[in-house]
file data_13.cif (mmCIF, C-alpha atoms and all ligand atoms)
data_model
loop_
_atom_site.label_atom_id
_atom_site.label_comp_id
_atom_site.auth_asym_id
_atom_site.auth_seq_id
_atom_site.Cartn_x
_atom_site.Cartn_y
_atom_site.Cartn_z
CA MET A 187 100.20 69.61 103.43
CA ASN A 188 103.24 67.65 104.62
CA LEU A 189 106.10 68.23 102.18
CA GLY A 190 107.82 64.95 103.12
CA ILE A 191 104.75 62.96 102.08
CA ILE A 192 104.55 64.86 98.79
CA TYR A 193 108.21 64.16 98.03
CA LEU A 194 107.71 60.46 98.79
CA PHE A 195 104.65 60.36 96.55
CA LEU A 196 106.55 62.01 93.71
CA PHE A 197 109.50 59.62 94.07
CA ILE A 198 107.18 56.61 93.85
CA PHE A 199 104.96 57.76 91.00
CA PHE A 200 107.32 59.98 88.98
CA PRO A 201 110.73 58.25 89.26
CA ASP A 202 111.80 59.64 85.87
CA ASN A 203 111.16 63.14 87.04
CA CYS A 204 113.16 62.91 90.24
CA LEU A 205 115.43 65.73 89.13
CA HIS A 206 112.44 67.93 88.55
CA LEU A 207 110.83 67.36 91.92
CA PRO A 208 111.00 70.96 93.07
CA ALA A 209 109.25 72.16 89.89
CA LEU A 210 106.59 69.43 90.16
CA LEU A 211 106.06 70.28 93.78
CA ASN A 212 105.71 73.90 92.88
CA ASP A 213 102.99 73.03 90.35
CA ILE A 214 101.08 71.06 92.96
CA MET A 215 101.35 73.71 95.66
CA ASN A 216 100.75 76.73 93.42
CA ARG A 217 97.33 76.06 92.01
CA SER A 218 95.80 78.86 90.04
CA ILE A 219 94.32 81.80 91.90
CA ALA A 220 90.96 80.93 90.35
CA ASP A 221 90.94 77.79 92.54
CA LEU A 222 90.41 80.03 95.55
CA LYS A 223 86.68 80.57 95.97
CA THR A 224 86.20 83.70 98.06
CA VAL A 225 82.44 83.19 98.54
CA ARG A 226 80.06 80.52 97.30
CA LEU A 227 76.66 79.13 98.09
CA ASN A 228 76.17 75.50 99.11
CA GLU A 229 72.49 74.68 98.56
CA GLU A 230 72.82 71.11 99.93
CA THR A 231 74.12 72.23 103.31
CA ASN A 232 72.21 75.52 103.30
CA ALA A 233 75.35 77.50 103.94
CA VAL A 234 77.48 80.31 102.60
CA VAL A 235 80.99 78.95 102.22
CA ILE A 236 83.84 81.44 102.51
CA LEU A 237 87.59 81.22 102.40
CA ASP A 238 88.61 82.38 105.89
CA GLN A 239 90.87 85.31 105.05
CA THR A 240 92.03 85.75 108.63
CA ARG A 241 93.94 82.47 108.20
CA LEU A 242 95.76 83.48 105.02
CA PRO A 243 98.49 83.13 103.95
CA GLY A 244 99.20 80.24 106.35
CA SER A 245 96.19 78.12 105.55
CA GLU A 246 93.49 77.96 102.88
CA THR A 247 90.58 77.08 105.13
CA TYR A 248 86.94 77.19 104.06
CA ILE A 249 84.21 77.75 106.62
CA SER A 250 80.44 77.31 106.34
CA LEU A 251 78.10 79.99 107.63
CA SER A 252 74.50 78.99 108.27
CA SER A 253 73.06 81.49 110.73
CA ALA A 254 72.72 85.27 110.70
CA GLU A 255 75.09 85.46 113.68
CA GLU A 256 77.78 83.45 111.89
CA ILE A 257 77.46 85.59 108.77
CA TRP A 258 77.58 88.83 110.76
CA GLU A 259 80.61 87.66 112.69
CA ALA A 260 82.47 86.56 109.54
CA ILE A 261 81.93 89.98 107.95
CA TYR A 262 82.75 91.91 111.12
CA ARG A 263 85.95 89.93 111.80
CA LEU A 264 87.05 90.22 108.14
CA LYS A 265 86.97 86.47 107.56
CA VAL A 266 85.40 87.69 104.36
CA ARG A 267 86.25 91.26 103.40
CA GLY A 268 86.53 93.62 100.45
CA ALA A 269 83.51 95.66 99.41
CA PRO A 270 82.07 93.41 96.66
CA ALA A 271 82.79 90.18 98.57
CA ILE A 272 80.87 91.29 101.65
CA GLY A 273 77.94 92.32 99.43
CA ILE A 274 77.84 88.88 97.83
CA THR A 275 78.18 87.17 101.22
CA ALA A 276 75.27 89.21 102.59
CA ALA A 277 73.11 88.39 99.55
CA TYR A 278 73.73 84.65 99.83
CA GLY A 279 73.48 84.98 103.61
CA ILE A 280 70.05 86.59 103.67
CA TYR A 281 68.84 83.99 101.19
CA ILE A 282 70.00 81.19 103.54
CA CYS A 283 68.43 82.96 106.54
CA SER A 284 65.18 83.48 104.61
CA LYS A 285 64.93 79.74 104.09
CA GLN A 286 64.85 79.42 107.88
CA ILE A 287 61.95 81.84 108.37
CA ALA A 288 58.90 79.91 109.57
CA ALA A 289 56.15 82.30 108.45
CA THR A 290 52.61 81.66 107.32
CA THR A 291 51.89 85.17 106.00
CA TYR A 292 53.79 87.70 103.91
CA GLU A 293 53.78 90.16 106.83
CA GLU A 294 55.39 87.65 109.19
CA PHE A 295 57.96 86.74 106.57
CA TYR A 296 58.83 90.36 105.79
CA GLN A 297 59.10 91.33 109.46
CA GLU A 298 61.71 88.67 110.13
CA PHE A 299 63.46 89.33 106.80
CA SER A 300 63.82 93.04 107.73
CA ARG A 301 65.19 92.19 111.14
CA VAL A 302 67.90 89.97 109.64
CA LYS A 303 68.61 92.48 106.88
CA ASN A 304 69.22 95.33 109.35
CA TYR A 305 71.32 93.08 111.53
CA LEU A 306 73.60 91.99 108.66
CA ALA A 307 73.87 95.55 107.36
CA SER A 308 75.18 96.64 110.78
CA ALA A 309 78.29 94.45 110.49
CA ARG A 310 80.32 97.10 108.64
CA PRO A 311 79.23 100.64 107.72
CA THR A 312 81.61 102.01 105.07
CA ALA A 313 81.41 99.75 102.02
CA VAL A 314 78.26 100.61 100.10
CA ASN A 315 78.06 97.11 98.63
CA LEU A 316 76.87 95.47 101.86
CA GLU A 317 73.86 97.74 102.23
CA ALA A 318 73.24 97.85 98.45
CA ALA A 319 73.16 94.06 98.08
CA LEU A 320 70.77 93.74 101.03
CA ASN A 321 68.54 96.49 99.59
CA ARG A 322 68.38 94.62 96.29
CA MET A 323 67.35 91.45 98.13
CA GLU A 324 64.71 93.39 100.08
CA LYS A 325 63.22 94.80 96.87
CA VAL A 326 62.69 91.24 95.67
CA VAL A 327 60.67 90.43 98.79
CA CYS A 328 58.69 93.69 98.59
CA ARG A 329 57.51 92.81 95.07
CA PHE A 330 55.37 90.11 96.71
CA SER A 331 53.66 92.49 99.14
CA SER A 332 50.49 92.76 97.08
CA ALA A 333 50.42 89.16 95.83
CA PRO A 334 47.00 87.51 96.41
CA GLN A 335 48.61 84.56 98.18
CA PHE A 336 51.73 84.09 100.28
CA ASP A 337 53.98 81.92 98.10
CA ARG A 338 57.05 81.24 100.22
CA SER A 339 58.80 79.01 97.72
CA ASP A 340 58.45 81.59 94.94
CA ILE A 341 59.93 84.31 97.16
CA LEU A 342 62.85 82.03 98.03
CA HIS A 343 63.41 81.15 94.39
CA LYS A 344 63.52 84.82 93.41
CA LEU A 345 65.88 85.60 96.30
CA TYR A 346 68.18 82.84 95.11
CA LYS A 347 68.14 84.26 91.57
CA GLU A 348 68.90 87.76 92.81
CA ALA A 349 71.85 86.63 94.94
CA GLU A 350 73.27 84.72 91.97
CA ALA A 351 72.77 87.80 89.77
CA ILE A 352 74.68 89.98 92.26
CA ARG A 353 77.58 87.54 92.13
CA ALA A 354 77.55 87.17 88.34
CA GLU A 355 77.33 90.93 87.77
CA ASP A 356 80.32 91.43 90.01
CA ALA A 357 82.41 88.87 88.12
CA ALA A 358 81.55 90.47 84.76
CA ALA A 359 82.21 93.97 86.11
CA CYS A 360 85.65 93.02 87.43
CA ARG A 361 86.74 91.71 84.04
CA ARG A 362 85.56 94.92 82.31
CA ILE A 363 87.25 97.12 84.93
CA GLY A 364 90.49 95.25 84.23
CA GLU A 365 90.14 95.78 80.47
CA ASN A 366 89.38 99.49 80.86
CA CYS A 367 92.33 100.09 83.16
CA LEU A 368 94.71 98.07 81.01
CA SER A 369 94.11 100.54 78.18
CA LEU A 370 95.91 103.16 80.34
CA LEU A 371 98.92 101.00 81.20
CA ARG A 372 102.01 99.91 79.30
CA PRO A 373 104.03 96.69 79.53
CA GLY A 374 106.71 96.56 82.20
CA MET A 375 105.26 99.41 84.29
CA GLY A 376 105.79 99.54 88.04
CA LEU A 377 102.43 99.65 89.84
CA LEU A 378 101.74 100.32 93.48
CA THR A 379 98.61 99.07 95.23
CA HIS A 380 97.26 99.46 98.75
CA CYS A 381 95.21 96.95 100.78
CA ASN A 382 93.65 94.09 98.80
CA ALA A 383 91.31 94.78 95.93
CA GLY A 384 92.03 91.48 94.24
CA HIS A 385 90.44 88.12 93.69
CA LEU A 386 89.98 87.70 97.44
CA ALA A 387 87.95 90.91 97.74
CA VAL A 388 85.38 90.09 95.07
CA SER A 389 83.75 87.15 93.29
CA GLU A 390 86.75 86.67 91.02
CA TYR A 391 89.65 88.64 89.48
CA GLY A 392 89.44 91.76 91.61
CA THR A 393 89.11 95.43 90.82
CA ALA A 394 92.52 97.09 91.31
CA LEU A 395 94.28 93.79 90.64
CA ALA A 396 92.17 92.91 87.58
CA PRO A 397 94.39 94.83 85.10
CA ILE A 398 97.40 93.16 86.65
CA TYR A 399 95.98 89.67 86.08
CA LEU A 400 94.84 90.55 82.57
CA GLY A 401 98.20 92.13 81.85
CA GLU A 402 99.99 89.01 83.07
CA GLU A 403 97.92 86.87 80.68
CA ARG A 404 98.93 89.21 77.85
CA GLY A 405 102.64 89.45 78.64
CA TYR A 406 102.68 92.93 80.23
CA HIS A 407 104.76 91.69 83.19
CA PHE A 408 104.06 94.55 85.56
CA LYS A 409 106.25 95.01 88.62
CA VAL A 410 103.88 95.40 91.53
CA PHE A 411 104.59 97.00 94.90
CA ALA A 412 102.12 95.92 97.58
CA ASP A 413 101.78 98.13 100.66
CA GLU A 414 101.51 95.89 103.71
CA THR A 415 98.50 97.95 104.89
CA ARG A 416 98.54 98.40 108.64
CA PRO A 417 96.91 97.40 110.88
CA LEU A 418 95.25 94.31 109.40
CA LEU A 419 97.90 93.60 106.78
CA GLN A 420 95.60 92.93 103.84
CA GLY A 421 98.50 93.87 101.53
CA ALA A 422 101.04 91.56 103.13
CA ARG A 423 98.74 88.64 103.89
CA LEU A 424 96.39 88.78 100.89
CA THR A 425 97.68 90.88 97.97
CA ALA A 426 101.24 89.56 98.15
CA TYR A 427 99.81 86.06 98.53
CA GLU A 428 97.42 86.08 95.60
CA LEU A 429 99.78 87.90 93.21
CA GLN A 430 102.67 85.61 94.05
CA LYS A 431 100.44 82.57 93.60
CA ALA A 432 99.50 83.87 90.15
CA GLY A 433 103.15 84.30 89.19
CA VAL A 434 103.08 88.12 89.21
CA ASP A 435 106.30 89.99 90.08
CA VAL A 436 105.29 91.42 93.47
CA THR A 437 107.40 93.20 96.07
CA LEU A 438 106.03 93.74 99.54
CA ILE A 439 106.79 97.09 101.20
CA CYS A 440 105.79 98.63 104.54
CA ASP A 441 103.32 101.48 104.18
CA ASN A 442 105.99 104.04 105.03
CA MET A 443 108.15 102.87 102.10
CA ALA A 444 105.74 104.01 99.39
CA SER A 445 107.47 107.38 99.11
CA VAL A 446 110.90 105.94 98.53
CA VAL A 447 109.84 103.54 95.76
CA MET A 448 108.07 106.44 94.04
CA GLN A 449 111.08 108.72 94.50
CA LYS A 450 113.33 106.11 92.91
CA GLY A 451 111.11 106.11 89.82
CA TRP A 452 109.95 102.52 90.29
CA VAL A 453 106.22 103.34 90.21
CA GLN A 454 104.46 104.58 87.08
CA ALA A 455 100.87 104.27 88.33
CA VAL A 456 98.92 103.58 91.53
CA VAL A 457 95.88 101.30 91.37
CA VAL A 458 93.50 101.03 94.33
CA GLY A 459 89.98 99.78 95.00
CA CYS A 460 87.16 101.65 96.69
CA ASP A 461 84.44 101.11 99.27
CA ARG A 462 82.22 104.09 98.47
CA ILE A 463 82.47 106.81 95.83
CA ALA A 464 80.69 110.06 96.66
CA ALA A 465 78.92 112.17 94.04
CA ASN A 466 81.83 114.63 93.73
CA GLY A 467 84.38 111.85 93.16
CA ASP A 468 85.74 111.64 96.72
CA VAL A 469 86.56 108.02 97.47
CA ALA A 470 86.55 106.02 100.71
CA ASN A 471 89.00 103.15 100.72
CA LYS A 472 91.27 101.34 103.16
CA ILE A 473 93.02 103.53 105.70
CA GLY A 474 96.25 104.85 104.21
CA THR A 475 94.90 105.28 100.68
CA SER A 476 94.69 109.07 100.97
CA GLY A 477 98.35 109.21 102.04
CA VAL A 478 99.35 107.19 98.98
CA ALA A 479 97.31 109.58 96.80
CA ILE A 480 99.10 112.60 98.28
CA LEU A 481 102.47 110.97 97.58
CA ALA A 482 101.47 110.08 94.02
CA TYR A 483 100.35 113.69 93.45
CA HIS A 484 103.68 114.96 94.77
CA TYR A 485 105.67 112.69 92.45
CA GLY A 486 103.37 113.26 89.45
CA ILE A 487 102.27 109.62 89.30
CA PRO A 488 98.75 108.80 88.03
CA PHE A 489 96.42 107.63 90.79
CA TYR A 490 93.66 105.34 89.53
CA VAL A 491 90.64 104.22 91.56
CA LEU A 492 89.00 101.05 90.25
CA GLY A 493 85.54 99.88 91.26
CA PRO A 494 82.17 98.75 89.96
CA THR A 495 79.47 101.37 89.38
CA SER A 496 77.61 99.76 92.29
CA THR A 497 80.18 101.45 94.54
CA ILE A 498 79.04 104.92 93.46
CA ASP A 499 76.73 106.41 96.07
CA LEU A 500 75.09 109.55 94.71
CA SER A 501 73.27 110.04 98.01
CA CYS A 502 76.65 111.04 99.50
CA PRO A 503 77.45 114.52 98.12
CA ASN A 504 81.10 114.28 99.19
CA GLY A 505 83.51 112.34 101.36
CA ASP A 506 82.43 114.10 104.57
CA SER A 507 79.11 112.27 104.44
CA ILE A 508 80.69 108.81 104.27
CA VAL A 509 80.52 106.93 107.58
CA ILE A 510 83.99 105.68 108.48
CA GLU A 511 84.22 102.47 110.46
CA GLU A 512 86.33 102.58 113.62
CA ARG A 513 87.72 99.31 114.91
CA SER A 514 89.10 98.02 118.18
CA PRO A 515 92.41 99.34 119.62
CA GLU A 516 93.77 95.79 119.93
CA GLU A 517 94.16 95.61 116.16
CA VAL A 518 96.83 98.31 116.51
CA THR A 519 98.41 97.37 119.84
CA ASP A 520 98.28 93.56 119.99
CA MET A 521 97.43 91.87 116.72
CA TRP A 522 100.37 90.19 114.93
CA TYR A 523 102.72 90.78 117.89
CA VAL A 524 104.01 88.05 120.20
CA SER A 525 103.20 90.28 123.14
CA LYS A 526 101.51 93.64 123.48
CA MET A 527 103.69 96.27 121.80
CA ALA A 528 102.14 99.44 123.22
CA PRO A 529 101.71 100.63 126.82
CA GLU A 530 98.63 99.38 128.64
CA LYS A 531 95.61 101.64 128.23
CA VAL A 532 97.31 103.95 125.70
CA LYS A 533 94.75 105.87 123.66
CA VAL A 534 94.38 104.44 120.15
CA TYR A 535 92.61 105.79 117.09
CA ASN A 536 91.86 103.03 114.57
CA PRO A 537 89.77 104.17 111.59
CA ALA A 538 89.46 101.37 109.02
CA PHE A 539 89.08 103.70 106.02
CA ASP A 540 89.93 107.18 104.88
CA VAL A 541 88.66 109.49 102.18
CA THR A 542 90.80 110.47 99.22
CA SER A 543 89.85 113.86 97.85
CA HIS A 544 88.72 113.85 94.22
CA GLU A 545 91.43 116.45 93.52
CA LEU A 546 94.08 113.77 93.92
CA ILE A 547 92.43 111.20 91.65
CA THR A 548 93.54 110.92 88.02
CA ALA A 549 90.62 108.73 86.97
CA ILE A 550 87.90 106.49 88.37
CA ILE A 551 87.67 103.30 86.34
CA THR A 552 84.40 101.37 86.35
CA GLU A 553 83.13 98.48 84.25
CA LYS A 554 81.36 101.01 82.02
CA LYS A 555 84.03 103.64 81.39
CA ILE A 556 86.97 105.69 82.57
CA ILE A 557 85.75 108.83 84.33
CA TYR A 558 88.07 111.82 84.52
CA PRO A 559 87.80 114.96 86.68
CA PRO A 560 85.47 116.72 87.34
CA PHE A 561 83.80 113.27 87.56
CA GLU A 562 80.45 114.33 86.14
CA GLY A 563 80.27 110.92 84.43
CA LEU A 564 79.45 109.40 87.82
CA TYR A 565 75.85 110.49 87.25
CA GLU A 566 75.41 108.68 83.93
O1 LIG B 1 88.65 96.30 105.51
P1 LIG B 1 88.66 95.64 104.17
O2 LIG B 1 89.76 94.64 104.02
O3 LIG B 1 87.30 95.08 103.80
O4 LIG B 1 88.97 96.83 103.15
C1 LIG B 1 89.02 96.55 101.78
C2 LIG B 1 89.33 97.70 100.93
O5 LIG B 1 89.50 98.81 101.39
C3 LIG B 1 89.33 97.46 99.45
O6 LIG B 1 90.26 98.28 98.81
C4 LIG B 1 87.92 97.77 98.90
O7 LIG B 1 86.95 97.11 99.64
C5 LIG B 1 87.80 97.40 97.46
S1 LIG B 1 87.75 95.65 97.22
C6 LIG B 1 87.56 95.38 95.56
#
call {"tool": "encode", "arguments": {"input": "data_13.cif", "output": "structure tokens", "more": "lines below"}}
Ligand code: MRU
result
Amino acid sequence: MNLGIIYLFLFIFFPDNCLHLPALLNDIMNRSIADLKTVRLNEETNAVVILDQTRLPGSETYISLSSAEEIWEAIYRLKVRGAPAIGITAAYGIYICSKQIAATTYEEFYQEFSRVKNYLASARPTAVNLEAALNRMEKVVCRFSSAPQFDRSDILHKLYKEAEAIRAEDAAACRRIGENCLSLLRPGMGLLTHCNAGHLAVSEYGTALAPIYLGEERGYHFKVFADETRPLLQGARLTAYELQKAGVDVTLICDNMASVVMQKGWVQAVVVGCDRIAANGDVANKIGTSGVAILAYHYGIPFYVLGPTSTIDLSCPNGDSIVIEERSPEEVTDMWYVSKMAPEKVKVYNPAFDVTSHELITAIITEKKIIYPPFEGLYE
């Protein structure tokens, strides 16, 4: 938005408030975080509408995704990212794609549905939510396998309901996660977070950022340190953006500054999200999380992992069995730089996630409860 035009508008329509123009302008520009819709379904245009997170913080741009290729690409390129948000996108996405299946029998329908499902699931391997949401959608279709007649519109209706349920469950879970974690925190605490497990990573509110938003509503006034989160800068571009927009006291630090803010006594707890929780309590989350956990352990700072129970994957006995996504070298050598900042053809290792050992985790906080070591509560 052009600031000059806004000033002119305010001068014309609010002449009495001329002295307060900066504050008025601030109100207009800083709409509530809830105005940002990470993922939604547009039934009229048959599209999944996402806020393109690769364009934040510079521009709040929404894009419509109508084909399996567009949905895959948006997930792969992190236009939509964060474990719950990609699950919801995939659920809405496969519903939209199912509407496009021209089948006359259940078998034809299911064959094409499976193809699209496997294709979407291949976009990113680590977050359990993508696969889990698609599996839930598949179960809906499978329930019709023995129906006497192929009723396409009924299948589509049930798919729609399931996708909406996945979204609604996520929103409710986030709020409960926030409440549960808040019971462990005290007003004025310094909190450190890594990557973005906020409103932008879920349907609304966030997981790791949920207690921060709830706390802000209740006057806790936490002081948050956001790791920038190399190489894709989810902390700098997204966490700092959404917390600042919500009026939270947030300080951006480079990843290698986490130790010093802990050493100075500015951090009383670490709150992070998760992409997959193994049966023994090992947690996969954004690359760099395990380093933060080691630092927190060293300084005796509680390290809390926040996530919905849907992130628990009991089929993974421990972190070694979690598939870790590796991404392109250019994200390390080129992205965000005016020109290439590493020698041509240098070898690059770019894992998108790492595994934090359960030994370093103080508690895993879900929508149902707070689970402490040895994390046997994961099975309940
Ligand atoms: O690669 P990203 O940006 O999708 O990684 C996101 C994270 O690691 C989040 O911490 C995790 O998905 C939890 S989001 C509530």
call {"tool": "atom_distance", "arguments": {"input": "data_13.cif", "atom1": "CA of Lys531 (chain A)", "atom2": "CA of Gly474 (chain A)"}}
result
24.2 Å
call {"tool": "residues_near_ligand", "arguments": {"input": "data_13.cif", "ligand": "ligand LIG 1 (chain B)", "cutoff": "6 Å", "atoms": "all atoms listed in the file", "output": "JSON, numbers by chain"}}
result
{"A": [267, 268, 269, 270, 381, 382, 383, 387, 388, 392, 393, 459, 460, 461, 471, 472]}
call {"tool": "residues_around", "arguments": {"input": "data_13.cif", "residues": "Cys502 (chain A)", "least_positions_apart": "2", "cutoff": "12 Å", "atoms": "only C-alpha atoms", "output": "list of chain:residue names"}}
result
A:Thr312, A:Val314, A:Arg462, A:Ile463, A:Ala464, A:Ala465, A:Asn466, A:Gly467, A:Asp468, A:Val469, A:Ala470, A:Thr497, A:Ile498, A:Asp499, A:Leu500, A:Asn504, A:Gly505, A:Asp506, A:Ser507, A:Ile508, A:Val509
call {"tool": "closest_residue", "arguments": {"input": "data_13.cif", "among": "A:Ala479, A:Ala538, A:Ile280, A:Ala549", "to": "Phe561 (chain A)", "atoms": "all atoms listed in the file"}}
result
A:Ala549
call {"tool": "residues_around", "arguments": {"input": "data_13.cif", "residues": "region 251-263 of chain A", "least_positions_apart": "5", "cutoff": "8 Å", "atoms": "all atoms listed in the file", "output": "compact mmCIF listing (two decimals) with C-alpha atoms, in the coordinates of the input"}}
result
# COMPACT_ATOMS: atom_id res chain seq x y z
CA ASN A 232 72.21 75.52 103.30
CA ALA A 233 75.35 77.50 103.94
CA VAL A 234 77.48 80.31 102.60
CA VAL A 235 80.99 78.95 102.22
CA ILE A 236 83.84 81.44 102.51
CA ILE A 272 80.87 91.29 101.65
CA THR A 275 78.18 87.17 101.22
CA ALA A 276 75.27 89.21 102.59
CA GLY A 279 73.48 84.98 103.61
CA ILE A 280 70.05 86.59 103.67
CA ILE A 282 70.00 81.19 103.54
CA CYS A 283 68.43 82.96 106.54
CA VAL A 302 67.90 89.97 109.64
CA TYR A 305 71.32 93.08 111.53
CA LEU A 306 73.60 91.99 108.66
CA ALA A 309 78.29 94.45 110.49
CA ARG A 310 80.32 97.10 108.64
call {"tool": "axis_aligned_box", "arguments": {"input": "data_13.cif", "around": "region 467-481 of chain A", "padding_each_side": "8 Å", "output": "lines of an AutoDock Vina configuration file"}}
result
center_x = 93.4
center_y = 107.0
center_z = 99.4
size_x = 34.1
size_y = 27.3
size_z = 28.5
call {"tool": "closest_residue", "arguments": {"input": "data_13.cif", "among": "A:Thr240, A:Lys554, A:Tyr278, A:His380", "to": "Trp522 (chain A)", "atoms": "only C-alpha atoms"}}
result
A:Thr240
call {"tool": "atom_distance", "arguments": {"input": "data_13.cif", "atom1": "CA of Leu368 (chain A)", "atom2": "CA of Val458 (chain A)"}}
result
13.7 Å
call {"tool": "atom_distance", "arguments": {"input": "data_13.cif", "atom1": "CA of Val410 (chain A)", "atom2": "CA of Phe539 (chain A)"}}
result
22.3 Å
call {"tool": "closest_residue", "arguments": {"input": "data_13.cif", "among": "A:Leu418, A:Met521, A:Ala412, A:Leu370", "to": "Ala455 (chain A)", "atoms": "only C-alpha atoms"}}
result
A:Leu370
call {"tool": "closest_residue", "arguments": {"input": "data_13.cif", "among": "A:Glu348, A:Asp337, A:Glu365, A:Glu246", "to": "Lys325 (chain A)", "atoms": "all atoms listed in the file"}}
result
A:Glu348
call {"tool": "closest_residue", "arguments": {"input": "data_13.cif", "among": "A:Lys303, A:Arg362, A:Arg338, A:Lys347", "to": "Asn321 (chain A)", "atoms": "all atoms listed in the file"}}
result
A:Lys303
call {"tool": "closest_residue", "arguments": {"input": "data_13.cif", "among": "A:Ser308, A:Asp441, A:Thr291, A:Arg361", "to": "Ser332 (chain A)", "atoms": "all atoms listed in the file"}}
result
A:Thr291
call {"tool": "residues_around", "arguments": {"input": "data_13.cif", "residues": "Leu222 (chain A)", "least_positions_apart": "3", "cutoff": "9 Å", "atoms": "only C-alpha atoms", "output": "short mmCIF file (atom, residue, chain, number, x, y, z; two decimals) with C-alpha atoms, keeping the file's coordinate frame"}}
result
data_model
loop_
_atom_site.label_atom_id
_atom_site.label_comp_id
_atom_site.auth_asym_id
_atom_site.auth_seq_id
_atom_site.Cartn_x
_atom_site.Cartn_y
_atom_site.Cartn_z
CA ARG A 217 97.33 76.06 92.01
CA SER A 218 95.80 78.86 90.04
CA ILE A 219 94.32 81.80 91.90
CA LEU A 237 87.59 81.22 102.40
CA GLU A 246 93.49 77.96 102.88
CA HIS A 385 90.44 88.12 93.69
CA LEU A 386 89.98 87.70 97.44
CA GLU A 390 86.75 86.67 91.02
#
call {"tool": "residues_around", "arguments": {"input": "data_13.cif", "residues": "Arg322 (chain A)", "least_positions_apart": "5", "cutoff": "9 Å", "atoms": "all atoms listed in the file", "output": "PyMOL selection string"}}
result
chain A and resi 277+317+348-349+352
call {"tool": "residues_near_point", "arguments": {"input": "data_13.cif", "point": "(100.0, 84.9, 107.1)", "cutoff": "9 Å", "atoms": "only C-alpha atoms", "output": "ChimeraX atom specification"}}
result
/A:240-245,419,422-424,427
call {"tool": "build_atoms", "arguments": {"input": "data_13.cif", "residues": "region 499-503 of chain A", "atoms": "all heavy atoms", "output": "CSV table (one decimal), keeping the file's coordinate frame"}}
result
chain,number,residue,atom,x,y,z
A,499,ASP,N,77.9,106.1,95.2
A,499,ASP,CA,76.7,106.4,96.1
A,499,ASP,C,76.4,107.9,95.9
A,499,ASP,O,76.9,108.8,96.6
A,499,ASP,CB,77.1,106.1,97.5
A,499,ASP,CG,75.9,106.3,98.5
A,499,ASP,OD1,74.8,106.8,98.0
A,499,ASP,OD2,76.1,106.1,99.7
A,500,LEU,N,75.4,108.1,95.0
A,500,LEU,CA,75.1,109.6,94.7
A,500,LEU,C,74.4,110.2,95.9
A,500,LEU,O,74.2,111.4,95.9
A,500,LEU,CB,74.3,109.6,93.4
A,500,LEU,CG,75.0,109.2,92.1
A,500,LEU,CD1,74.1,109.2,90.9
A,500,LEU,CD2,76.3,109.9,91.9
A,501,SER,N,73.9,109.4,96.8
A,501,SER,CA,73.3,110.0,98.0
A,501,SER,C,74.3,110.7,98.9
A,501,SER,O,74.0,111.4,99.9
A,501,SER,CB,72.4,109.0,98.8
A,501,SER,OG,73.2,108.1,99.4
A,502,CYS,N,75.6,110.4,98.7
A,502,CYS,CA,76.6,111.0,99.5
A,502,CYS,C,77.2,112.2,98.6
A,502,CYS,O,77.9,111.9,97.6
A,502,CYS,CB,77.8,110.1,99.8
A,502,CYS,SG,77.6,109.0,101.1
A,503,PRO,N,77.0,113.4,99.0
A,503,PRO,CA,77.4,114.5,98.1
A,503,PRO,C,79.0,114.6,98.1
A,503,PRO,O,79.5,114.9,97.0
A,503,PRO,CB,76.9,115.8,98.8
A,503,PRO,CG,76.4,115.4,100.1
A,503,PRO,CD,76.2,113.9,100.1
